[in-house]
$ cat start-v4.cif   # mmCIF, N, CA and C atoms
data_target
loop_
_atom_site.label_atom_id
_atom_site.label_comp_id
_atom_site.auth_asym_id
_atom_site.auth_seq_id
_atom_site.Cartn_x
_atom_site.Cartn_y
_atom_site.Cartn_z
N MET Y 1 -23.11 38.01 -0.02
CA MET Y 1 -24.24 37.13 0.15
C MET Y 1 -23.95 35.81 -0.57
N ALA Y 2 -24.16 34.72 0.11
CA ALA Y 2 -23.94 33.40 -0.47
C ALA Y 2 -25.19 32.95 -1.21
N GLY Y 3 -24.98 32.23 -2.30
CA GLY Y 3 -26.09 31.74 -3.09
C GLY Y 3 -26.00 30.24 -3.28
N LYS Y 4 -27.05 29.68 -3.83
CA LYS Y 4 -27.09 28.25 -4.05
C LYS Y 4 -27.81 27.99 -5.36
N ILE Y 5 -27.24 27.11 -6.16
CA ILE Y 5 -27.90 26.65 -7.37
C ILE Y 5 -28.22 25.18 -7.16
N ILE Y 6 -29.47 24.82 -7.35
CA ILE Y 6 -29.88 23.43 -7.20
C ILE Y 6 -30.32 22.94 -8.57
N ALA Y 7 -29.65 21.89 -9.05
CA ALA Y 7 -29.97 21.34 -10.37
C ALA Y 7 -29.63 19.87 -10.41
N ASP Y 8 -30.44 19.11 -11.12
CA ASP Y 8 -30.17 17.69 -11.32
C ASP Y 8 -29.40 17.43 -12.60
N GLN Y 9 -29.45 18.38 -13.53
CA GLN Y 9 -28.73 18.24 -14.79
C GLN Y 9 -28.15 19.58 -15.22
N ILE Y 10 -27.05 19.47 -15.96
CA ILE Y 10 -26.46 20.63 -16.63
C ILE Y 10 -26.58 20.34 -18.12
N GLU Y 11 -27.06 21.31 -18.88
CA GLU Y 11 -27.25 21.10 -20.32
C GLU Y 11 -26.51 22.16 -21.12
N HIS Y 12 -25.82 21.71 -22.14
CA HIS Y 12 -25.13 22.58 -23.08
C HIS Y 12 -26.01 22.72 -24.31
N SER Y 13 -25.97 23.88 -24.96
CA SER Y 13 -26.87 24.12 -26.09
C SER Y 13 -26.65 23.15 -27.26
N THR Y 14 -25.43 22.64 -27.44
CA THR Y 14 -25.18 21.73 -28.56
C THR Y 14 -24.54 20.41 -28.15
N ALA Y 15 -23.95 20.32 -26.97
CA ALA Y 15 -23.19 19.13 -26.58
C ALA Y 15 -23.99 18.14 -25.73
N GLY Y 16 -25.24 18.43 -25.41
CA GLY Y 16 -26.04 17.51 -24.62
C GLY Y 16 -26.07 17.88 -23.15
N SER Y 17 -26.51 16.92 -22.32
CA SER Y 17 -26.67 17.19 -20.90
C SER Y 17 -25.91 16.16 -20.06
N LEU Y 18 -25.75 16.49 -18.80
CA LEU Y 18 -25.01 15.66 -17.86
C LEU Y 18 -25.67 15.76 -16.50
N ASP Y 19 -25.91 14.60 -15.85
CA ASP Y 19 -26.43 14.63 -14.49
C ASP Y 19 -25.39 15.25 -13.57
N THR Y 20 -25.81 16.10 -12.65
CA THR Y 20 -24.88 16.76 -11.74
C THR Y 20 -24.20 15.79 -10.79
N GLN Y 21 -24.75 14.58 -10.60
CA GLN Y 21 -24.08 13.60 -9.74
C GLN Y 21 -22.70 13.25 -10.29
N TYR Y 22 -22.51 13.31 -11.62
CA TYR Y 22 -21.20 13.03 -12.20
C TYR Y 22 -20.21 14.15 -11.91
N VAL Y 23 -20.71 15.37 -11.82
CA VAL Y 23 -19.85 16.49 -11.48
C VAL Y 23 -19.43 16.39 -10.01
N VAL Y 24 -20.39 16.09 -9.13
CA VAL Y 24 -20.11 16.01 -7.70
C VAL Y 24 -19.28 14.77 -7.36
N ASN Y 25 -19.68 13.62 -7.87
CA ASN Y 25 -19.03 12.36 -7.50
C ASN Y 25 -17.88 11.96 -8.41
N GLY Y 26 -17.83 12.50 -9.61
CA GLY Y 26 -16.85 12.03 -10.58
C GLY Y 26 -15.68 12.95 -10.82
N SER Y 27 -15.58 14.03 -10.10
CA SER Y 27 -14.47 14.96 -10.33
C SER Y 27 -13.43 14.84 -9.21
N ALA Y 28 -12.20 15.20 -9.55
CA ALA Y 28 -11.11 15.16 -8.56
C ALA Y 28 -11.42 16.13 -7.42
N LYS Y 29 -11.21 15.68 -6.20
CA LYS Y 29 -11.44 16.53 -5.03
C LYS Y 29 -10.17 17.22 -4.58
N ALA Y 30 -9.03 16.74 -5.08
CA ALA Y 30 -7.75 17.40 -4.82
C ALA Y 30 -6.76 16.91 -5.88
N TRP Y 31 -5.81 17.75 -6.22
CA TRP Y 31 -4.69 17.35 -7.07
C TRP Y 31 -3.51 18.24 -6.73
N ALA Y 32 -2.34 17.73 -7.02
CA ALA Y 32 -1.13 18.50 -6.72
C ALA Y 32 0.00 18.06 -7.65
N ARG Y 33 0.86 19.02 -7.95
CA ARG Y 33 2.11 18.73 -8.64
C ARG Y 33 3.20 19.40 -7.84
N TRP Y 34 4.29 18.62 -7.55
CA TRP Y 34 5.36 19.17 -6.72
C TRP Y 34 6.71 18.69 -7.20
N ASN Y 35 7.74 19.37 -6.69
CA ASN Y 35 9.13 19.09 -7.00
C ASN Y 35 9.85 18.78 -5.70
N LEU Y 36 10.54 17.65 -5.64
CA LEU Y 36 11.33 17.31 -4.46
C LEU Y 36 12.82 17.50 -4.72
N SER Y 37 13.20 17.78 -5.95
CA SER Y 37 14.61 17.96 -6.30
C SER Y 37 15.04 19.36 -5.88
N GLY Y 38 16.03 19.46 -5.01
CA GLY Y 38 16.42 20.76 -4.45
C GLY Y 38 15.49 21.10 -3.30
N THR Y 39 14.96 22.30 -3.30
CA THR Y 39 14.01 22.71 -2.27
C THR Y 39 12.62 22.22 -2.64
N ALA Y 40 11.99 21.44 -1.77
CA ALA Y 40 10.66 20.91 -2.02
C ALA Y 40 9.67 22.05 -2.20
N ALA Y 41 8.83 21.95 -3.24
CA ALA Y 41 7.88 23.03 -3.50
C ALA Y 41 6.69 22.51 -4.29
N LEU Y 42 5.50 23.02 -3.96
CA LEU Y 42 4.32 22.78 -4.78
C LEU Y 42 4.43 23.64 -6.02
N ASN Y 43 4.23 23.04 -7.19
CA ASN Y 43 4.21 23.81 -8.43
C ASN Y 43 2.82 24.36 -8.70
N ASP Y 44 1.80 23.55 -8.41
CA ASP Y 44 0.41 23.95 -8.59
C ASP Y 44 -0.45 22.92 -7.87
N SER Y 45 -1.67 23.31 -7.51
CA SER Y 45 -2.51 22.37 -6.78
C SER Y 45 -3.94 22.87 -6.68
N PHE Y 46 -4.82 21.98 -6.23
CA PHE Y 46 -6.21 22.29 -5.92
C PHE Y 46 -6.56 21.56 -4.63
N ASN Y 47 -7.20 22.24 -3.69
CA ASN Y 47 -7.57 21.69 -2.38
C ASN Y 47 -6.35 21.12 -1.64
N THR Y 48 -5.22 21.78 -1.80
CA THR Y 48 -3.99 21.36 -1.15
C THR Y 48 -3.49 22.49 -0.27
N ALA Y 49 -3.35 22.22 1.02
CA ALA Y 49 -2.90 23.24 1.96
C ALA Y 49 -1.39 23.35 2.03
N SER Y 50 -0.70 22.18 1.98
CA SER Y 50 0.75 22.22 2.12
C SER Y 50 1.41 20.95 1.63
N LEU Y 51 2.72 21.08 1.40
CA LEU Y 51 3.61 19.97 1.07
C LEU Y 51 4.66 19.90 2.15
N THR Y 52 4.89 18.71 2.70
CA THR Y 52 5.93 18.52 3.71
C THR Y 52 6.96 17.52 3.17
N ASP Y 53 8.21 17.93 3.17
CA ASP Y 53 9.30 17.05 2.76
C ASP Y 53 9.63 16.14 3.94
N LEU Y 54 9.45 14.82 3.78
CA LEU Y 54 9.67 13.86 4.86
C LEU Y 54 11.01 13.16 4.76
N GLY Y 55 11.89 13.62 3.87
CA GLY Y 55 13.18 12.98 3.66
C GLY Y 55 13.32 12.59 2.20
N VAL Y 56 14.44 12.03 1.83
CA VAL Y 56 14.72 11.70 0.44
C VAL Y 56 13.62 10.80 -0.12
N GLY Y 57 12.92 11.30 -1.14
CA GLY Y 57 11.89 10.54 -1.82
C GLY Y 57 10.52 10.53 -1.16
N TYR Y 58 10.40 11.11 0.02
CA TYR Y 58 9.15 11.06 0.76
C TYR Y 58 8.53 12.45 0.90
N ALA Y 59 7.20 12.51 0.75
CA ALA Y 59 6.50 13.78 0.89
C ALA Y 59 5.09 13.53 1.42
N ARG Y 60 4.53 14.53 2.10
CA ARG Y 60 3.15 14.48 2.57
C ARG Y 60 2.41 15.68 2.00
N ILE Y 61 1.22 15.41 1.45
CA ILE Y 61 0.31 16.45 0.98
C ILE Y 61 -0.80 16.57 2.01
N THR Y 62 -1.05 17.78 2.51
CA THR Y 62 -2.14 18.04 3.44
C THR Y 62 -3.23 18.76 2.67
N TYR Y 63 -4.47 18.32 2.84
CA TYR Y 63 -5.60 18.86 2.09
C TYR Y 63 -6.23 20.05 2.80
N SER Y 64 -6.71 21.02 2.03
CA SER Y 64 -7.38 22.19 2.58
C SER Y 64 -8.73 21.81 3.17
N SER Y 65 -9.46 20.96 2.47
CA SER Y 65 -10.75 20.45 2.94
C SER Y 65 -10.62 18.94 3.12
N ALA Y 66 -11.11 18.44 4.23
CA ALA Y 66 -10.98 17.02 4.55
C ALA Y 66 -11.83 16.15 3.62
N ILE Y 67 -11.42 14.90 3.49
CA ILE Y 67 -12.14 13.90 2.74
C ILE Y 67 -13.02 13.13 3.73
N THR Y 68 -14.17 12.62 3.27
CA THR Y 68 -15.13 11.96 4.16
C THR Y 68 -14.52 10.81 4.95
N ASP Y 69 -13.79 9.93 4.27
CA ASP Y 69 -13.15 8.80 4.94
C ASP Y 69 -11.89 8.44 4.17
N ALA Y 70 -11.16 7.47 4.66
CA ALA Y 70 -9.88 7.11 4.04
C ALA Y 70 -10.01 6.09 2.91
N ASN Y 71 -11.20 5.96 2.34
CA ASN Y 71 -11.42 5.01 1.25
C ASN Y 71 -11.44 5.70 -0.11
N TYR Y 72 -10.63 6.70 -0.28
CA TYR Y 72 -10.56 7.42 -1.55
C TYR Y 72 -9.50 6.80 -2.45
N GLY Y 73 -9.54 7.17 -3.70
CA GLY Y 73 -8.57 6.66 -4.67
C GLY Y 73 -7.60 7.75 -5.08
N ILE Y 74 -6.35 7.35 -5.29
CA ILE Y 74 -5.31 8.28 -5.71
C ILE Y 74 -4.59 7.70 -6.93
N VAL Y 75 -4.37 8.55 -7.91
CA VAL Y 75 -3.53 8.20 -9.05
C VAL Y 75 -2.32 9.10 -8.96
N GLY Y 76 -1.12 8.53 -9.05
CA GLY Y 76 0.10 9.33 -8.94
C GLY Y 76 1.14 8.91 -9.95
N ILE Y 77 2.01 9.85 -10.24
CA ILE Y 77 3.10 9.60 -11.18
C ILE Y 77 4.29 10.47 -10.79
N CYS Y 78 5.49 10.01 -11.09
CA CYS Y 78 6.67 10.83 -10.85
C CYS Y 78 7.65 10.63 -12.00
N GLY Y 79 8.55 11.58 -12.15
CA GLY Y 79 9.55 11.49 -13.22
C GLY Y 79 10.67 12.46 -13.00
N GLU Y 80 11.65 12.40 -13.86
CA GLU Y 80 12.86 13.22 -13.74
C GLU Y 80 13.15 13.87 -15.07
N VAL Y 81 13.79 15.03 -15.04
CA VAL Y 81 14.15 15.76 -16.25
C VAL Y 81 15.16 14.97 -17.07
N ALA Y 82 16.18 14.44 -16.43
CA ALA Y 82 17.23 13.70 -17.13
C ALA Y 82 17.59 12.46 -16.31
N GLY Y 83 18.38 11.60 -16.86
CA GLY Y 83 18.85 10.45 -16.10
C GLY Y 83 18.27 9.14 -16.56
N GLY Y 84 17.19 9.19 -17.33
CA GLY Y 84 16.61 7.97 -17.89
C GLY Y 84 16.09 7.02 -16.84
N GLY Y 85 15.65 5.87 -17.30
CA GLY Y 85 15.15 4.85 -16.42
C GLY Y 85 13.72 5.09 -16.00
N ASN Y 86 13.13 4.07 -15.43
CA ASN Y 86 11.74 4.15 -14.98
C ASN Y 86 11.67 4.74 -13.59
N ARG Y 87 10.59 5.41 -13.32
CA ARG Y 87 10.33 5.97 -12.00
C ARG Y 87 8.97 5.44 -11.55
N VAL Y 88 8.77 5.35 -10.26
CA VAL Y 88 7.49 4.89 -9.75
C VAL Y 88 7.17 5.62 -8.45
N MET Y 89 5.88 5.90 -8.24
CA MET Y 89 5.44 6.55 -7.01
C MET Y 89 4.40 5.66 -6.35
N GLY Y 90 4.43 5.61 -5.04
CA GLY Y 90 3.43 4.86 -4.29
C GLY Y 90 3.04 5.60 -3.04
N VAL Y 91 1.92 5.19 -2.47
CA VAL Y 91 1.50 5.75 -1.19
C VAL Y 91 2.40 5.17 -0.13
N TYR Y 92 2.94 6.03 0.70
CA TYR Y 92 3.86 5.64 1.76
C TYR Y 92 3.04 5.02 2.89
N GLY Y 93 3.34 3.78 3.24
CA GLY Y 93 2.54 3.01 4.18
C GLY Y 93 2.46 3.54 5.59
N ASN Y 94 3.41 4.35 6.03
CA ASN Y 94 3.41 4.86 7.39
C ASN Y 94 2.50 6.09 7.47
N GLY Y 95 1.21 5.86 7.69
CA GLY Y 95 0.26 6.97 7.74
C GLY Y 95 -0.08 7.49 6.36
N GLY Y 96 -0.02 6.60 5.37
CA GLY Y 96 -0.21 7.00 3.98
C GLY Y 96 -1.54 7.64 3.67
N TYR Y 97 -2.63 7.03 4.09
CA TYR Y 97 -3.97 7.55 3.81
C TYR Y 97 -4.62 8.00 5.12
N ASN Y 98 -5.15 9.18 5.13
CA ASN Y 98 -6.11 9.57 6.16
C ASN Y 98 -6.97 10.68 5.59
N THR Y 99 -7.89 11.21 6.34
CA THR Y 99 -8.87 12.14 5.78
C THR Y 99 -8.33 13.55 5.54
N THR Y 100 -7.17 13.87 6.08
CA THR Y 100 -6.63 15.22 5.92
C THR Y 100 -5.30 15.28 5.17
N SER Y 101 -4.69 14.13 4.90
CA SER Y 101 -3.41 14.13 4.19
C SER Y 101 -3.09 12.75 3.65
N SER Y 102 -2.10 12.70 2.78
CA SER Y 102 -1.58 11.43 2.29
C SER Y 102 -0.09 11.60 2.03
N ALA Y 103 0.65 10.49 2.22
CA ALA Y 103 2.11 10.52 2.07
C ALA Y 103 2.53 9.65 0.88
N TYR Y 104 3.62 10.05 0.24
CA TYR Y 104 4.08 9.40 -0.98
C TYR Y 104 5.57 9.12 -0.94
N ARG Y 105 5.95 8.09 -1.69
CA ARG Y 105 7.36 7.79 -1.88
C ARG Y 105 7.60 7.69 -3.37
N SER Y 106 8.62 8.40 -3.86
CA SER Y 106 9.01 8.27 -5.26
C SER Y 106 10.34 7.52 -5.32
N ASN Y 107 10.44 6.63 -6.30
CA ASN Y 107 11.60 5.76 -6.45
C ASN Y 107 12.26 5.97 -7.81
N ASN Y 108 13.57 5.83 -7.85
CA ASN Y 108 14.28 5.91 -9.12
C ASN Y 108 14.28 4.55 -9.81
N SER Y 109 15.01 4.43 -10.91
CA SER Y 109 15.01 3.20 -11.69
C SER Y 109 15.65 2.03 -10.95
N SER Y 110 16.38 2.27 -9.86
CA SER Y 110 16.96 1.20 -9.04
C SER Y 110 16.07 0.87 -7.85
N TRP Y 111 14.88 1.41 -7.80
CA TRP Y 111 13.90 1.22 -6.74
C TRP Y 111 14.32 1.84 -5.41
N ALA Y 112 15.28 2.75 -5.45
CA ALA Y 112 15.68 3.47 -4.24
C ALA Y 112 14.86 4.76 -4.14
N ALA Y 113 14.51 5.14 -2.91
CA ALA Y 113 13.79 6.40 -2.71
C ALA Y 113 14.62 7.54 -3.29
N SER Y 114 13.97 8.43 -4.05
CA SER Y 114 14.70 9.51 -4.69
C SER Y 114 13.83 10.76 -4.81
N ASP Y 115 14.48 11.92 -4.74
CA ASP Y 115 13.79 13.20 -4.89
C ASP Y 115 13.62 13.50 -6.37
N GLU Y 116 12.44 13.21 -6.90
CA GLU Y 116 12.16 13.41 -8.32
C GLU Y 116 11.68 14.83 -8.57
N THR Y 117 11.91 15.29 -9.79
CA THR Y 117 11.53 16.64 -10.19
C THR Y 117 10.03 16.76 -10.40
N TYR Y 118 9.44 15.77 -11.03
CA TYR Y 118 8.01 15.83 -11.35
C TYR Y 118 7.25 14.78 -10.54
N ASN Y 119 6.35 15.24 -9.69
CA ASN Y 119 5.49 14.37 -8.89
C ASN Y 119 4.08 14.94 -8.99
N SER Y 120 3.10 14.09 -9.22
CA SER Y 120 1.73 14.60 -9.25
C SER Y 120 0.76 13.52 -8.82
N ILE Y 121 -0.34 13.96 -8.22
CA ILE Y 121 -1.41 13.06 -7.78
C ILE Y 121 -2.75 13.69 -8.10
N SER Y 122 -3.75 12.84 -8.22
CA SER Y 122 -5.15 13.25 -8.33
C SER Y 122 -5.92 12.38 -7.34
N LEU Y 123 -6.71 13.01 -6.49
CA LEU Y 123 -7.48 12.31 -5.46
C LEU Y 123 -8.95 12.31 -5.84
N ASN Y 124 -9.56 11.14 -5.83
CA ASN Y 124 -10.98 11.00 -6.11
C ASN Y 124 -11.67 10.38 -4.91
N GLY Y 125 -12.65 11.07 -4.38
CA GLY Y 125 -13.40 10.62 -3.21
C GLY Y 125 -14.46 11.65 -2.91
N ASP Y 126 -14.97 11.66 -1.70
CA ASP Y 126 -16.00 12.60 -1.30
C ASP Y 126 -15.46 13.56 -0.25
N LEU Y 127 -15.79 14.83 -0.39
CA LEU Y 127 -15.39 15.81 0.62
C LEU Y 127 -16.28 15.68 1.84
N ALA Y 128 -15.70 15.92 3.01
CA ALA Y 128 -16.46 15.83 4.26
C ALA Y 128 -17.46 16.96 4.36
#
$ encode --input "start-v4.cif" --output "structure tokens"
Amino acid sequence: MAGKIIADQIEHSTAGSLDTQYVVNGSAKAWARWNLSGTAALNDSFNTASLTDLGVGYARITYSSAITDANYGIVGICGEVAGGGNRVMGVYGNGGYNTTSSAYRSNNSSWAASDETYNSISLNGDLA
């Protein structure tokens, strides 16, 4: 049997209260951590159906539940176990944002696409 709790606030006995709109609107709707070095694999995730390796440095995350529209925000980071230098991740422009998935490119310190060991994103938006 499915149930429903309807509340405008959540209150803790000693820490105060919080409007539920912050829980609904202010929490990540999806997150993922994956490895592209060697065999591409999701290490852990929430609301993530799959990871697709699109080639060296490129990956697509498909969401289990769709997002309302493509105006969501993503924070991402990538890194490597060894090798030094700066790494950067960005949304891949070819079909990068849509309501069911997003694509990413990770770059090494020379700005070349590279399969990094540590990749992670957090998506903030509204579920459909």
$ resolve_selection --input "start-v4.cif" --expression "the PyMOL selection byres ((chain Y and resi 68-74) around 6.5)" --output "PyMOL selection string"
chain Y and resi 66-67+75-76+97-99+121-128
$ residues_near_point --input "start-v4.cif" --point "(5.4, 15.8, 0.7)" --cutoff "9 Å" --atoms "only C-alpha atoms" --output "PyMOL selection string"
chain Y and resi 34+36+40-42+50-55+57-62+102-105
$ closest_residue --input "start-v4.cif" --among "Y:Ala32, Y:Ile5, Y:Met89, Y:Ala113" --to "Y:Thr20" --atoms "only C-alpha atoms"
Y:Ile5
$ residues_near_point --input "start-v4.cif" --point "(-21.3, 14.9, -10.3)" --cutoff "12 Å" --atoms "only C-alpha atoms" --output "list in words"
Ala7, Asp8, Gln9, Ile10, Leu18, Asp19, Thr20, Gln21, Tyr22, Val23, Val24, Asn25, Gly26, Ser27, Ala28, Lys29, Asn124, Gly125 and Asp126 of chain Y
$ write_last_selection --input "start-v4.cif" --atoms "N, CA and C atoms" --output "PDB file, in the frame of the given file"
ATOM      1  N   ALA Y   7     -29.650  21.890  -9.050  1.00  0.00           N
ATOM      2  CA  ALA Y   7     -29.970  21.340 -10.370  1.00  0.00           C
ATOM      3  C   ALA Y   7     -29.630  19.870 -10.410  1.00  0.00           C
ATOM      4  N   ASP Y   8     -30.440  19.110 -11.120  1.00  0.00           N
ATOM      5  CA  ASP Y   8     -30.170  17.690 -11.320  1.00  0.00           C
ATOM      6  C   ASP Y   8     -29.400  17.430 -12.600  1.00  0.00           C
ATOM      7  N   GLN Y   9     -29.450  18.380 -13.530  1.00  0.00           N
ATOM      8  CA  GLN Y   9     -28.730  18.240 -14.790  1.00  0.00           C
ATOM      9  C   GLN Y   9     -28.150  19.580 -15.220  1.00  0.00           C
ATOM     10  N   ILE Y  10     -27.050  19.470 -15.960  1.00  0.00           N
ATOM     11  CA  ILE Y  10     -26.460  20.630 -16.630  1.00  0.00           C
ATOM     12  C   ILE Y  10     -26.580  20.340 -18.120  1.00  0.00           C
ATOM     13  N   LEU Y  18     -25.750  16.490 -18.800  1.00  0.00           N
ATOM     14  CA  LEU Y  18     -25.010  15.660 -17.860  1.00  0.00           C
ATOM     15  C   LEU Y  18     -25.670  15.760 -16.500  1.00  0.00           C
ATOM     16  N   ASP Y  19     -25.910  14.600 -15.850  1.00  0.00           N
ATOM     17  CA  ASP Y  19     -26.430  14.630 -14.490  1.00  0.00           C
ATOM     18  C   ASP Y  19     -25.390  15.250 -13.570  1.00  0.00           C
ATOM     19  N   THR Y  20     -25.810  16.100 -12.650  1.00  0.00           N
ATOM     20  CA  THR Y  20     -24.880  16.760 -11.740  1.00  0.00           C
ATOM     21  C   THR Y  20     -24.200  15.790 -10.790  1.00  0.00           C
ATOM     22  N   GLN Y  21     -24.750  14.580 -10.600  1.00  0.00           N
ATOM     23  CA  GLN Y  21     -24.080  13.600  -9.740  1.00  0.00           C
ATOM     24  C   GLN Y  21     -22.700  13.250 -10.290  1.00  0.00           C
ATOM     25  N   TYR Y  22     -22.510  13.310 -11.620  1.00  0.00           N
ATOM     26  CA  TYR Y  22     -21.200  13.030 -12.200  1.00  0.00           C
ATOM     27  C   TYR Y  22     -20.210  14.150 -11.910  1.00  0.00           C
ATOM     28  N   VAL Y  23     -20.710  15.370 -11.820  1.00  0.00           N
ATOM     29  CA  VAL Y  23     -19.850  16.490 -11.480  1.00  0.00           C
ATOM     30  C   VAL Y  23     -19.430  16.390 -10.010  1.00  0.00           C
ATOM     31  N   VAL Y  24     -20.390  16.090  -9.130  1.00  0.00           N
ATOM     32  CA  VAL Y  24     -20.110  16.010  -7.700  1.00  0.00           C
ATOM     33  C   VAL Y  24     -19.280  14.770  -7.360  1.00  0.00           C
ATOM     34  N   ASN Y  25     -19.680  13.620  -7.870  1.00  0.00           N
ATOM     35  CA  ASN Y  25     -19.030  12.360  -7.500  1.00  0.00           C
ATOM     36  C   ASN Y  25     -17.880  11.960  -8.410  1.00  0.00           C
ATOM     37  N   GLY Y  26     -17.830  12.500  -9.610  1.00  0.00           N
ATOM     38  CA  GLY Y  26     -16.850  12.030 -10.580  1.00  0.00           C
ATOM     39  C   GLY Y  26     -15.680  12.950 -10.820  1.00  0.00           C
ATOM     40  N   SER Y  27     -15.580  14.030 -10.100  1.00  0.00           N
ATOM     41  CA  SER Y  27     -14.470  14.960 -10.330  1.00  0.00           C
ATOM     42  C   SER Y  27     -13.430  14.840  -9.210  1.00  0.00           C
ATOM     43  N   ALA Y  28     -12.200  15.200  -9.550  1.00  0.00           N
ATOM     44  CA  ALA Y  28     -11.110  15.160  -8.560  1.00  0.00           C
ATOM     45  C   ALA Y  28     -11.420  16.130  -7.420  1.00  0.00           C
ATOM     46  N   LYS Y  29     -11.210  15.680  -6.200  1.00  0.00           N
ATOM     47  CA  LYS Y  29     -11.440  16.530  -5.030  1.00  0.00           C
ATOM     48  C   LYS Y  29     -10.170  17.220  -4.580  1.00  0.00           C
ATOM     49  N   ASN Y 124      -9.560  11.140  -5.830  1.00  0.00           N
ATOM     50  CA  ASN Y 124     -10.980  11.000  -6.110  1.00  0.00           C
ATOM     51  C   ASN Y 124     -11.670  10.380  -4.910  1.00  0.00           C
ATOM     52  N   GLY Y 125     -12.650  11.070  -4.380  1.00  0.00           N
ATOM     53  CA  GLY Y 125     -13.400  10.620  -3.210  1.00  0.00           C
ATOM     54  C   GLY Y 125     -14.460  11.650  -2.910  1.00  0.00           C
ATOM     55  N   ASP Y 126     -14.970  11.660  -1.700  1.00  0.00           N
ATOM     56  CA  ASP Y 126     -16.000  12.600  -1.300  1.00  0.00           C
ATOM     57  C   ASP Y 126     -15.460  13.560  -0.250  1.00  0.00           C
TER      58      ASP Y 126
END
$ atom_distance --input "start-v4.cif" --atom1 "atom CA of Y:Glu80" --atom2 "atom N of Y:Thr48"
23.3 Å
$ decode --input "start-v4.cif" --residues "stretch 24-40 of chain Y" --atoms "N, CA and C atoms" --output "PDB file, in the first residue's frame"
ATOM      1  N   VAL Y  24      12.443  19.665  -1.434  1.00  0.00           N
ATOM      2  CA  VAL Y  24      11.980  19.324  -2.779  1.00  0.00           C
ATOM      3  C   VAL Y  24      12.778  20.067  -3.846  1.00  0.00           C
ATOM      4  N   ASN Y  25      12.953  21.371  -3.685  1.00  0.00           N
ATOM      5  CA  ASN Y  25      13.585  22.189  -4.717  1.00  0.00           C
ATOM      6  C   ASN Y  25      15.090  22.331  -4.559  1.00  0.00           C
ATOM      7  N   GLY Y  26      15.609  22.090  -3.377  1.00  0.00           N
ATOM      8  CA  GLY Y  26      17.017  22.367  -3.131  1.00  0.00           C
ATOM      9  C   GLY Y  26      17.921  21.156  -3.059  1.00  0.00           C
ATOM     10  N   SER Y  27      17.410  19.984  -3.315  1.00  0.00           N
ATOM     11  CA  SER Y  27      18.254  18.788  -3.232  1.00  0.00           C
ATOM     12  C   SER Y  27      18.598  18.276  -4.630  1.00  0.00           C
ATOM     13  N   ALA Y  28      19.722  17.576  -4.712  1.00  0.00           N
ATOM     14  CA  ALA Y  28      20.152  17.000  -5.996  1.00  0.00           C
ATOM     15  C   ALA Y  28      19.111  15.985  -6.471  1.00  0.00           C
ATOM     16  N   LYS Y  29      18.777  16.056  -7.748  1.00  0.00           N
ATOM     17  CA  LYS Y  29      17.815  15.114  -8.331  1.00  0.00           C
ATOM     18  C   LYS Y  29      18.510  13.918  -8.965  1.00  0.00           C
ATOM     19  N   ALA Y  30      19.814  14.048  -9.180  1.00  0.00           N
ATOM     20  CA  ALA Y  30      20.623  12.933  -9.678  1.00  0.00           C
ATOM     21  C   ALA Y  30      22.081  13.246  -9.363  1.00  0.00           C
ATOM     22  N   TRP Y  31      22.872  12.211  -9.151  1.00  0.00           N
ATOM     23  CA  TRP Y  31      24.321  12.353  -9.039  1.00  0.00           C
ATOM     24  C   TRP Y  31      24.949  11.045  -9.475  1.00  0.00           C
ATOM     25  N   ALA Y  32      26.185  11.142  -9.891  1.00  0.00           N
ATOM     26  CA  ALA Y  32      26.883   9.938 -10.352  1.00  0.00           C
ATOM     27  C   ALA Y  32      28.390  10.123 -10.182  1.00  0.00           C
ATOM     28  N   ARG Y  33      29.053   9.012  -9.929  1.00  0.00           N
ATOM     29  CA  ARG Y  33      30.505   8.964  -9.952  1.00  0.00           C
ATOM     30  C   ARG Y  33      30.884   7.789 -10.828  1.00  0.00           C
ATOM     31  N   TRP Y  34      31.818   8.030 -11.792  1.00  0.00           N
ATOM     32  CA  TRP Y  34      32.184   6.968 -12.715  1.00  0.00           C
ATOM     33  C   TRP Y  34      33.659   7.013 -13.038  1.00  0.00           C
ATOM     34  N   ASN Y  35      34.122   5.909 -13.631  1.00  0.00           N
ATOM     35  CA  ASN Y  35      35.507   5.721 -14.027  1.00  0.00           C
ATOM     36  C   ASN Y  35      35.528   5.462 -15.530  1.00  0.00           C
ATOM     37  N   LEU Y  36      36.327   6.219 -16.263  1.00  0.00           N
ATOM     38  CA  LEU Y  36      36.477   5.972 -17.701  1.00  0.00           C
ATOM     39  C   LEU Y  36      37.816   5.318 -18.019  1.00  0.00           C
ATOM     40  N   SER Y  37      38.687   5.196 -17.036  1.00  0.00           N
ATOM     41  CA  SER Y  37      40.001   4.595 -17.238  1.00  0.00           C
ATOM     42  C   SER Y  37      39.853   3.075 -17.259  1.00  0.00           C
ATOM     43  N   GLY Y  38      40.230   2.440 -18.355  1.00  0.00           N
ATOM     44  CA  GLY Y  38      39.995   0.996 -18.505  1.00  0.00           C
ATOM     45  C   GLY Y  38      38.563   0.779 -18.969  1.00  0.00           C
ATOM     46  N   THR Y  39      37.859  -0.121 -18.318  1.00  0.00           N
ATOM     47  CA  THR Y  39      36.460  -0.371 -18.651  1.00  0.00           C
ATOM     48  C   THR Y  39      35.588   0.665 -17.959  1.00  0.00           C
ATOM     49  N   ALA Y  40      34.794   1.412 -18.724  1.00  0.00           N
ATOM     50  CA  ALA Y  40      33.916   2.436 -18.162  1.00  0.00           C
ATOM     51  C   ALA Y  40      32.924   1.800 -17.203  1.00  0.00           C
TER      52      ALA Y  40
END
